[in-house]
Amino acid sequence: MIRLLKRMRKREWTMAGLCVLLVLGQIYFDLRLPDYMSDLTVLIETPGSTVAQIINTGFQMLGCTLASAVFSIACGYLASQVAAGLSYCLREDVFNKVADFGQEEMQRFSVPSLITRNTNDITQIQMLVAMGLQIIVRSPIMAVWAIVKIIGKSWTLSAITAGFVAALLAVMAFIIIIVLPRVRRVQRLTDNINRISRENLTGINVVHAYNAEDYQQKKFEKASGILMRTQLFNQRSFALLLPSVTLSMNALALLIYWVGAYIVEQVPAADMASRITSFSNIVVFGTYATYVIMSIMFMVMVVMFLPAAQVSAGRIREVLEAKVRMKEGARTDAEEKGTVEFKDVSFSYPSSGKEVLEHISFKVNRGETIAFIGATGSGKTTLVSLAARFYDATSGQVLIDGHDIRDYTYEALYDRIGYVTQKAVLFAGNIRDNVLFGESLAPRTDEDVKDAVRLAQASEFVNKLPQGIDAPITQGGTNVSGGQKQRLSIARALARKPEILIFDDSFSALDYKTDATLRKGLSEELGDTTRMIVAQRIGTIRHADKIVVLDEGKAVGVGTHEELLKNCPVYREIAMSQLSEEELNA
Amino acid sequence: MSENRMAGRRMAVPEKSKRGLLGVLKELLEYSKNLKVPTIIALSLAVAGAVLTIIGPSQLSRIADLITEGLAAGIDLKAIAGVGALLLCMYLASALFTYVEHFIMATITLSLSKKMRDDLSRKINNVPMECFGRTSHGDILSRVTNDVSTLQQALSNSLPSIISSAAQFVGCLVMMFVTEWRMALAAVLVTLLGFAAMALIMSKSQRYFVARQRNLGSLNGYVEEMYSGHDGVRISCANDQIKKVFAGLNKEVYEAERKSQFLSGIMQPLMNVVGNLGYVVVCVLGAVLAINGQISFGVITAFIMYVRLFTSPLSTIAQGMTQMQTAAAAGDRVFDFLQEKELSDESHKTERLETVRGEVEFDHVRFSYPSNPDKIIIKDFSAHVLPGQKVAIVGPTGAGKTTMVNLLMRFFEINSGDIRIDGVSASRIL
């Protein structure tokens, strides 16, 4: 929590400091009021006082109230500015940090969790600071100051007040030590319920198909029951708070008068002036004691806000302090152009440790097409994602244009590589924004956009849209079909005019005809561009210059279609399952 | 002062509920039959607790009077002890009532929320598939967790606190006027003036809250989009570009927040000011009246407490109502889903395929997705597959291949025609 506060700008710190000063001023004036009341008590009980004297004191009290009002409103203003400023900085820091995350960090945190951290968690902190600056600072100072003011007036009454304060603090301690950890647990249990429901929802077809409704329901009800029992304990414990604070406040006021009566009675009846002073002291004591209890009550309120904010703060800190494993290099230039080489590359995901790729070696030259084929889980996607440096190889070397991929700056690297992901992603905006997304060295005129769209075989449907390339795209690209989405994301890669194009199974969302025309267009117009293609269909890759057959992370065959048909059993098996006898022999 | 009364402070702009607050409450009572009696008991206890607290100051004022009367002669300590003991009992009873009220409410609303969660979960497995086309997964999940919990908190805290605050407010008003009408009038006037000022600020600030909510919404949407498409961002070297866009959005949120937060930030101090003003007015007016011998000193003591008891319920009620509005919207969402049309009852279906041979027949099947009834996906399709036959379904994207399989699994109901397995209509199979 505290560490997050360090991220505030100087401006916020100045305002926070000012805020504390204002709180001090406010408390000073608030605590003057009972003093005046004590003057009034003396005036009332002393025969011969005039109304003018009372009115005079009254004006002074009014002055104090107004001064306190000015201070507290100014403080409220500053506190809100500090809170808004803090959340502004935090949002910016978290977003910028995540924007530079690598694949590994994204997967470790998971996207939904990162979204919550960037939004709700920060709002939690903001609320705590907005309230806290006023209450956390004000209440303890108020309590201590009020205690200092009364402690000399009567030792007996002070002792009684201390007793109540101690009792209240004990209740508070109980809540903090016993209940707050369980409040934190509620969050975890809620996540658990969420997870079970989500599982049921995403797998609803499977649940229906296997009649697993009762099984799911039982699992849910068990988690739901645990959540209920934990909450029951928490809320029943919290139920203690309000009555005990109210009781303390009332009973303390009563006891002060009650015991006060005995104290006044001890003063000899002859000394009227002392008796009056003693009585007025008691009245004032009662008011101050109420201030003390109220301050504690406000602190309790903030304490109850703490666990949620602490959890949030922890989650935000996790993001901000996460170390991004991948380091950017410094190289921008290279002698070769359009070459990709894998030198004895092995790879295992940091989370599992199991080798996904083992000792892969190959080289592609400028303008060549290399294809990767193999069963699901054979490591095709992993392999090309290493070429785009989504991950770093566990051992071995990936070379682009003759230099280790780790030596390049990201900008230099991604200016050389165009990558089309398996699942097409579009962003809200229009078609042009989507095609020109990001930065690259390539020209970015409307002509270039239309060119890329044409090459990606998307002209046909884009031209049908009344606004053409200015046609809007909704969030997630839900207003275009799956195939159209894929073609637009191909256009995005093409518009970067890269030396190397990587297609991660990007053609399977297209029908055969579009697939074929697209590939034909690419080889005719982008003859100089190196292509790496992951595919399921033999038809997509049979004309590739080189085909790498992957099986459980190992390259079991490298060569052309004809060569592999002859010497690679795995390839032949795939081919036979997809092609007819004539096609095989053709 | 439990976790939820705090939650009420969040200045959320409540959504408009279509059932309305009372509609949701009515529906709740119908939903859970054993809710009514404990709730009535708990609410009565809340009122009783509040009323007992209000009687307090009048007794305290008697003690103060007993002391002032005895200043010259000698204090009647015995009488004080009597009043004190009585008052202490009342305070204890009030605390006990409040605790029992909280205890009951926590217990019944938590078991209510468990029942709701379980029913929602069961419902997920019982609604037709088309329901998930209309409502996203996230939306349904948020009903199971957030909405149920919002409703529970409002019921167990806001509802009783609104009732007891109302009782405290009315009781206080009555007691003040009974004790001394001039001072009561002054105290009420000052308080009302304060609240009028606050209401004015609130109504003026509404648009800042709306603006903040809107800006925050678009910022959150952007975050979600960019995080989900992180691969695309990386490969397009768009890091700096999206940072710039985000910075712009963030700036807008900041500006809106500064304005709206200020307004909610000064509410608490303003409450304080109103309280202090009331205190000053009561002290000064009381002193003037006392010096003229029109009231006893005890009246001032009583009023000092009444002013405090009088101002706090109003803000509690205001906060509680805000939370109840949010809860009504949450209740809407929960009940909407609970009342979704279920799959037709399967229990009357008796056909059971003991040994499946594997004969499948599509007989003039016509089908359109319920979300888009005009677009017929399958038009008059017939096919007969014999046991052991291997049949392939081929066609371009969107031709209806997957739909066909979905229909065989009865994930959706067909519009007309019939699908038979081993000669038995699929709609009759258990």
# chains A, B, ... in the order shown; residues from 1 in each chain; ligands from 1

call {"tool": "interface_residues", "arguments": {"of": "chain B", "to": "chain A", "cutoff": "6 Å", "atoms": "only C-alpha atoms", "output": "list of chain:residue names"}}
result
B:Met1, B:Ser2, B:Ala95, B:Tyr99, B:His102, B:Phe103, B:Asp118, B:Glu224, B:Ser236, B:Cys237, B:Ala238, B:Asn239, B:Arg258, B:Gln261, B:Phe262, B:Gly265, B:Ile266, B:Pro269, B:Val273, B:Val284, B:Val288, B:Ile291

call {"tool": "select_by_dssp", "arguments": {"residues": "range 428-540 of chain A", "states": "helix (DSSP H, G or I)", "output": "PyMOL selection string"}}
result
chain A and resi 431-435+446-455+459-464+468-470+475-477+482-495+512-525+538-540

call {"tool": "decode", "arguments": {"residues": "range 471-499 of chain A", "atoms": "N, CA, C and O atoms", "output": "compact mmCIF listing (two decimals), in the first residue's frame"}}
result
# COMPACT_ATOMS: atom_id res chain seq x y z
N ALA A 471 -15.07 2.02 -43.22
CA ALA A 471 -16.17 1.33 -42.56
C ALA A 471 -15.78 0.98 -41.13
O ALA A 471 -14.65 0.56 -40.87
N PRO A 472 -16.70 1.19 -40.19
CA PRO A 472 -16.38 0.96 -38.79
C PRO A 472 -16.22 -0.52 -38.45
O PRO A 472 -16.86 -1.37 -39.06
N ILE A 473 -15.34 -0.80 -37.51
CA ILE A 473 -15.17 -2.14 -36.96
C ILE A 473 -15.52 -2.04 -35.47
O ILE A 473 -15.04 -1.14 -34.78
N THR A 474 -16.38 -2.92 -35.00
CA THR A 474 -16.75 -2.86 -33.57
C THR A 474 -15.67 -3.55 -32.74
O THR A 474 -14.78 -4.19 -33.28
N GLN A 475 -15.79 -3.38 -31.43
CA GLN A 475 -14.82 -3.99 -30.53
C GLN A 475 -14.79 -5.51 -30.75
O GLN A 475 -15.82 -6.16 -30.77
N GLY A 476 -13.59 -6.05 -30.94
CA GLY A 476 -13.46 -7.48 -31.17
C GLY A 476 -13.83 -7.89 -32.59
O GLY A 476 -13.82 -9.06 -32.92
N GLY A 477 -14.16 -6.93 -33.44
CA GLY A 477 -14.49 -7.23 -34.83
C GLY A 477 -15.73 -8.08 -34.98
O GLY A 477 -15.81 -8.93 -35.87
N THR A 478 -16.72 -7.86 -34.12
CA THR A 478 -17.90 -8.72 -34.14
C THR A 478 -18.81 -8.44 -35.32
O THR A 478 -19.73 -9.20 -35.58
N ASN A 479 -18.57 -7.31 -36.02
CA ASN A 479 -19.48 -7.01 -37.14
C ASN A 479 -18.98 -7.52 -38.50
O ASN A 479 -19.53 -7.19 -39.53
N VAL A 480 -17.87 -8.30 -38.50
CA VAL A 480 -17.46 -8.98 -39.73
C VAL A 480 -17.35 -10.47 -39.44
O VAL A 480 -17.22 -10.87 -38.28
N SER A 481 -17.39 -11.28 -40.48
CA SER A 481 -17.38 -12.72 -40.26
C SER A 481 -15.97 -13.20 -39.94
O SER A 481 -15.00 -12.46 -40.08
N GLY A 482 -15.85 -14.46 -39.54
CA GLY A 482 -14.56 -15.01 -39.16
C GLY A 482 -13.54 -14.94 -40.30
O GLY A 482 -12.39 -14.55 -40.10
N GLY A 483 -13.98 -15.31 -41.51
CA GLY A 483 -13.08 -15.30 -42.66
C GLY A 483 -12.66 -13.88 -43.02
O GLY A 483 -11.50 -13.63 -43.36
N GLN A 484 -13.60 -12.94 -42.92
CA GLN A 484 -13.30 -11.54 -43.22
C GLN A 484 -12.31 -10.96 -42.20
O GLN A 484 -11.38 -10.24 -42.55
N LYS A 485 -12.53 -11.35 -40.96
CA LYS A 485 -11.63 -10.92 -39.90
C LYS A 485 -10.21 -11.39 -40.20
O LYS A 485 -9.26 -10.63 -40.11
N GLN A 486 -10.10 -12.67 -40.58
CA GLN A 486 -8.79 -13.24 -40.85
C GLN A 486 -8.12 -12.51 -42.02
O GLN A 486 -6.94 -12.21 -41.99
N ARG A 487 -8.91 -12.20 -43.06
CA ARG A 487 -8.32 -11.53 -44.22
C ARG A 487 -7.84 -10.12 -43.86
O ARG A 487 -6.81 -9.67 -44.33
N LEU A 488 -8.61 -9.43 -42.99
CA LEU A 488 -8.17 -8.09 -42.58
C LEU A 488 -6.90 -8.17 -41.74
O LEU A 488 -6.02 -7.30 -41.83
N SER A 489 -6.79 -9.22 -40.92
CA SER A 489 -5.57 -9.30 -40.11
C SER A 489 -4.38 -9.69 -40.98
O SER A 489 -3.24 -9.33 -40.68
N ILE A 490 -4.64 -10.40 -42.09
CA ILE A 490 -3.55 -10.67 -43.05
C ILE A 490 -3.14 -9.35 -43.71
O ILE A 490 -1.96 -9.05 -43.85
N ALA A 491 -4.15 -8.53 -44.05
CA ALA A 491 -3.86 -7.23 -44.67
C ALA A 491 -3.00 -6.38 -43.75
O ALA A 491 -2.10 -5.65 -44.20
N ARG A 492 -3.25 -6.49 -42.45
CA ARG A 492 -2.47 -5.70 -41.50
C ARG A 492 -0.99 -6.09 -41.57
O ARG A 492 -0.11 -5.24 -41.57
N ALA A 493 -0.74 -7.41 -41.65
CA ALA A 493 0.65 -7.86 -41.73
C ALA A 493 1.29 -7.43 -43.05
O ALA A 493 2.44 -7.01 -43.08
N LEU A 494 0.51 -7.51 -44.14
CA LEU A 494 1.05 -7.16 -45.45
C LEU A 494 1.38 -5.67 -45.54
O LEU A 494 2.36 -5.28 -46.16
N ALA A 495 0.57 -4.84 -44.90
CA ALA A 495 0.76 -3.39 -44.99
C ALA A 495 2.07 -2.95 -44.38
O ALA A 495 2.57 -1.87 -44.66
N ARG A 496 2.64 -3.79 -43.53
CA ARG A 496 3.92 -3.43 -42.91
C ARG A 496 5.08 -3.65 -43.88
O ARG A 496 6.20 -3.29 -43.57
N LYS A 497 4.79 -4.27 -45.03
CA LYS A 497 5.81 -4.56 -46.04
C LYS A 497 7.04 -5.20 -45.41
O LYS A 497 8.16 -4.67 -45.52
N PRO A 498 6.84 -6.35 -44.76
CA PRO A 498 7.97 -6.96 -44.05
C PRO A 498 8.84 -7.78 -45.00
O PRO A 498 8.44 -8.06 -46.13
N GLU A 499 10.03 -8.16 -44.53
CA GLU A 499 10.89 -9.05 -45.30
C GLU A 499 10.44 -10.49 -45.13
O GLU A 499 10.66 -11.32 -46.00
